[in-house]
Amino acid sequence: MKNCLLISLLRDITLVKRLSLNEWDLLIRQARSTGLTARLYYFIKKNELVEFIPAIVLKHFISEWMYFTKLYQSVGWELSELKVALEKKGLPVLLMKGTAYVALELEASKGRIFSDIDLLFPHDSIDLAESALMNAGWMGTHHNEYDRNYYRQWMHEIPPLRHVQRQSVLDVHHNILPPTAKIKVNAEKLLENIIEVNGENIFCLSPEDLVLHSVTHLFHEGDFVHGLRDISDLDLLLKEFSVQKTFWTKLTERVTELNLGRPLYYGLRYSSFFLKTSIPDSVICSVNRFAPNALMLRVMDFVFLRALMPDHPSCDVRWTGLARWLLYIRSHWLRMPMYLLVPHLLRKSWMGFVGGTAKD
Amino acid sequence: MNGSLAFEQALLKEGVYIKTGPYVSCLKSPITSLAESLLSLYHESQISLKEEFVDFHVSIEYPGILRHYFRPQILFKFDGFSPFKPLPAAQVYPFFEWGLNWCIATNSNSHLILHAAVVEKNNCAIIFPAAPGSGKSTLCAGLVARGWRLLSDEMAMIDLKSQALTAIVRPISLKNESIDVIKKFAPNFYFGSIVHDTNKGTVSHVKVPSAQKDMNKSANPAWMVFPKYKKNAKTSLKETSKAQAFLRAAENSFNYNVLAEAGFNALGDVIDVCECYDFCYSDLDEAIKTFDELAAEKKN
Amino acid sequence: MSKKDILIRHWENEAVVYNRSSGDTHLLDIDTADFLIYYLSKTSEERTEILDMDRLNKQHQSHFQLQVLLKLKLIRKP
């Protein structure tokens, strides 16, 4: 595997003490392509190594950090607006992914570039939630009939809602995977384990479920441009949660309950490979039973070890392009059986040809 | 400095380096006309064939084999990413400058960046926030032709703690009628090629005459002036409400919103120290006289 | 919300206010800005009292200021 400067630094941040200007140049470019500049700066600051950043390089870190702090502020405001909007209909604010990391003040929220806000509702509350949110200014974004029906029938979420003034985007889910996916997740079980944030009437998935959602999302995704960033989030979640003695036990029990063994296997495997995440041997043994067969594993290693590298020419090796394309196809295959996938892709390419829009 | 042939070859292969204030860009392109443009519009000290750290790796390329030959188009890329749609190949030089504007504007949250021209005399700077059609660039070029130092014709780059303005000296961009006006006003200015039919109309870039040693010196803001060119209008300089000036400057900023509190405080500090005016003019000589008088008053 | 949630600068009879929670910036006349500071220095009970009084007496000069501040989300009903 090609040596990647960014990955070396994520594994050992003290290497900043020895970088040449040329290496700083490359590092900034790799970090920028993966969306990890602010995260990297967070590690540098946390380890009191800022003095080792040359002045001409520092402005790039500060620039990205300011952008991150603005996004962090925006998430805070959106949360308070969401509370007001949903409380009107007696609905809970239930957070997943990045917004949950912010609410819980987790390490994984630091230096993270937030985009959409992910919310979870019980399936039968979705319509009420949508109406509460629309009353507060979040409007539907997919206006054509095909897309709306597609979402309602086949997806685990409704079309994204965008706020008319603030332009914030909400992804409203009733599950973490679509009903058509090969892996079936019981959403009721997710709802049973939610935790409250500091008595604020805001809720999040439990630590184990946050980890499982993270790996499920990543290993069902088609676009790995920010794959390494997601691996970094996972690494930070595991590091922080594993301080609780019961975490690993709960995780290994929960993964069977939710039937998410395969994504967790990949998550632990690649987090450990790229970022040397420390995982107890007993957990590795336990999760090994979810591994694919040897041949499949070689194929998955082939694609993931390429696609998870920063999307930058300095990190590309032979077949990186092919690897990314294969994962794109795979993500569709995982989410949709063939009899749905083919017409969907045909329809999508037709829409693209005549200049319409379609999901994905 | 090596000959222009070496420069042209570098442009094709390893790239050429352009140093503008705090930023170093590395440009690669198969379009050799860029070499001549860069060498004639930038100062010798701003061009080199090797730098160790580069802020912006950019390239201007043909988007595909077909568009290389048939109605040729070009694409601007920032480290492989294309922020803009392709443009006709004839617009290659302005495309480079617009691309560089984008790179700076989107990567400079270490400072407060206003869309404004900045010129300086006696270490006191005027910030001209730029509403479209305000005639900011004509005014800016006119002032530079009459002894004011250019810090930038596009961006006021404000230090968040000290409010000092950073100089990012680049060729001044002029449009449409402005080109002829400045050609007459400053016959000694060097103009790059005139490019027609761009999104902004007819465009040309002007080399900034400047004392090399002062080129990258920062300056302190003393005036914030909102210019408005109006045909046949009488020259008028009127004080404007500072709170309104604050809001108007924020509206003309690339990153005021991103900077949150730091942006609010920095802009507040700038408004504190600046005299704020609305300025209406039609005659360039009179306009310059007005600002020369302001500068003289400040000196005393 | 309290006074530490906003930043204010004023010049002559106008002020600009930054809401640290929402990230919004507003231009206010100096009287509305003063009323904002006054309101934010009050406890929750005192704020409720102010709003109750306002409901009863819409002719008072502070009514308009209160409505503006509520609309801008610089203050919220407790």
# chains A, B, ... in the order shown; residues from 1 in each chain; ligands from 1

$ interface_residues --of "chain C" --to "chain B" --cutoff "9 Å" --atoms "only C-alpha atoms" --output "ChimeraX atom specification"
/C:7,9-20,23-28

$ residues_around --residues "Tyr101 (chain A)" --least-positions-apart "2" --cutoff "10 Å" --atoms "only C-alpha atoms" --output "list of chain:residue names"
A:Leu95, A:Met96, A:Lys97, A:Gly98, A:Thr99, A:Ala103, A:Leu104, A:Glu105, A:Leu106, A:Glu107, A:Ala108, A:Ser109, A:Lys110, A:Arg112, A:Cys204, A:Leu210, A:Asp233, A:Leu237

$ closest_atom_pairs --of "chain B" --to "chain A" --cutoff "8 Å" --atoms "only C-alpha atoms" --output "Markdown table"
| residue | atom | partner | partner_atom | distance |
| --- | --- | --- | --- | --- |
| B:Pro22 | CA | A:Ile56 | CA | 7.6 |
| B:Glu52 | CA | A:Asn22 | CA | 5.4 |
| B:Phe53 | CA | A:Asp25 | CA | 5.4 |
| B:Val54 | CA | A:Asp25 | CA | 6.2 |
| B:Asp55 | CA | A:Asp25 | CA | 7.5 |
| B:Asp79 | CA | A:Arg29 | CA | 7.5 |
| B:Asn107 | CA | A:Ser63 | CA | 6.1 |
| B:Ser108 | CA | A:Ser63 | CA | 5.5 |
| B:Asn109 | CA | A:Ser63 | CA | 4.1 |
| B:Ser110 | CA | A:Ser63 | CA | 4.7 |
| B:Val258 | CA | A:Lys70 | CA | 5.6 |
| B:Leu259 | CA | A:Met66 | CA | 6.2 |
| B:Ala260 | CA | A:Lys70 | CA | 6.4 |

$ interface_residues --of "chain A" --to "chain C" --cutoff "10 Å" --atoms "only C-alpha atoms" --output "JSON, numbers by chain"
{"A": [70, 73, 74, 75, 76, 77, 78, 80, 81, 166]}

$ atom_distance --atom1 "CA of Glu239 (chain B)" --atom2 "CA of Cys276 (chain B)"
5.8 Å

$ residues_around --residues "Val92 (chain B)" --least-positions-apart "5" --cutoff "8 Å" --atoms "only C-alpha atoms" --output "ChimeraX atom specification"
/B:34,60,74,87

$ residues_around --residues "Lys77 (chain C)" --least-positions-apart "5" --cutoff "9 Å" --atoms "only C-alpha atoms" --output "MDAnalysis selection string"
chainID C and resid 47:48 51 70

$ closest_residue --among "B:Leu150, B:Ala287, B:Ile172, B:Val144" --to "Val206 (chain B)" --atoms "only C-alpha atoms"
B:Ile172

$ residues_around --residues "region 173-179 of chain A" --least-positions-apart "6" --cutoff "7 Å" --atoms "only C-alpha atoms" --output "JSON, numbers by chain"
{"A": [119, 120, 121, 122, 123, 154, 155, 156, 157, 158, 185, 187, 213, 335]}

$ atom_distance --atom1 "CA of Trp148 (chain B)" --atom2 "CA of Val119 (chain B)"
6.1 Å

$ residues_around --residues "region 9-18 of chain B" --least-positions-apart "2" --cutoff "6 Å" --atoms "only C-alpha atoms" --output "ChimeraX atom specification"
/B:6-7,24-30,46-49

$ select_by_dssp --residues "region 152-331 of chain A" --states "helix (DSSP H, G or I)" --output "ChimeraX atom specification"
/A:152-154,187-192,207-220,227-241,247-258,261-275,281-288,294-307,313-315,320-331

$ atom_distance --atom1 "CA of Ala245 (chain B)" --atom2 "CA of Glu275 (chain B)"
9.9 Å

$ residues_around --residues "Arg148 (chain A)" --least-positions-apart "4" --cutoff "8 Å" --atoms "only C-alpha atoms" --output "PyMOL selection string"
chain A and resi 142-144+152+158-159

$ select_by_dssp --residues "region 65-150 of chain A" --states "strand (DSSP E)" --output "ChimeraX atom specification"
/A:93-96,117-120,138-140

$ closest_residue --among "A:Leu260, A:Val169, A:Met309, A:Ala38" --to "Phe273 (chain A)" --atoms "only C-alpha atoms"
A:Met309

$ closest_atom_pairs --of "region 156-237 of chain A" --to "region 261-268 of chain A" --cutoff "10 Å" --atoms "only C-alpha atoms" --output "Markdown table"
| residue | atom | partner | partner_atom | distance |
| --- | --- | --- | --- | --- |
| A:Ile183 | CA | A:Arg262 | CA | 9.4 |
| A:Val211 | CA | A:Leu264 | CA | 8.4 |
| A:Leu212 | CA | A:Leu264 | CA | 6.6 |
| A:His213 | CA | A:Pro263 | CA | 9.3 |
| A:Ser214 | CA | A:Gly267 | CA | 8.5 |
| A:Val215 | CA | A:Gly267 | CA | 5.4 |
| A:Thr216 | CA | A:Pro263 | CA | 5.4 |
| A:His217 | CA | A:Pro263 | CA | 8.6 |
| A:Leu218 | CA | A:Pro263 | CA | 8.2 |
| A:Phe219 | CA | A:Pro263 | CA | 5.9 |
| A:His220 | CA | A:Pro263 | CA | 8.1 |
| A:Asp230 | CA | A:Gly267 | CA | 9.9 |
| A:Ile231 | CA | A:Gly267 | CA | 7.6 |
| A:Leu234 | CA | A:Gly267 | CA | 7.8 |
| A:Asp235 | CA | A:Leu268 | CA | 8.7 |
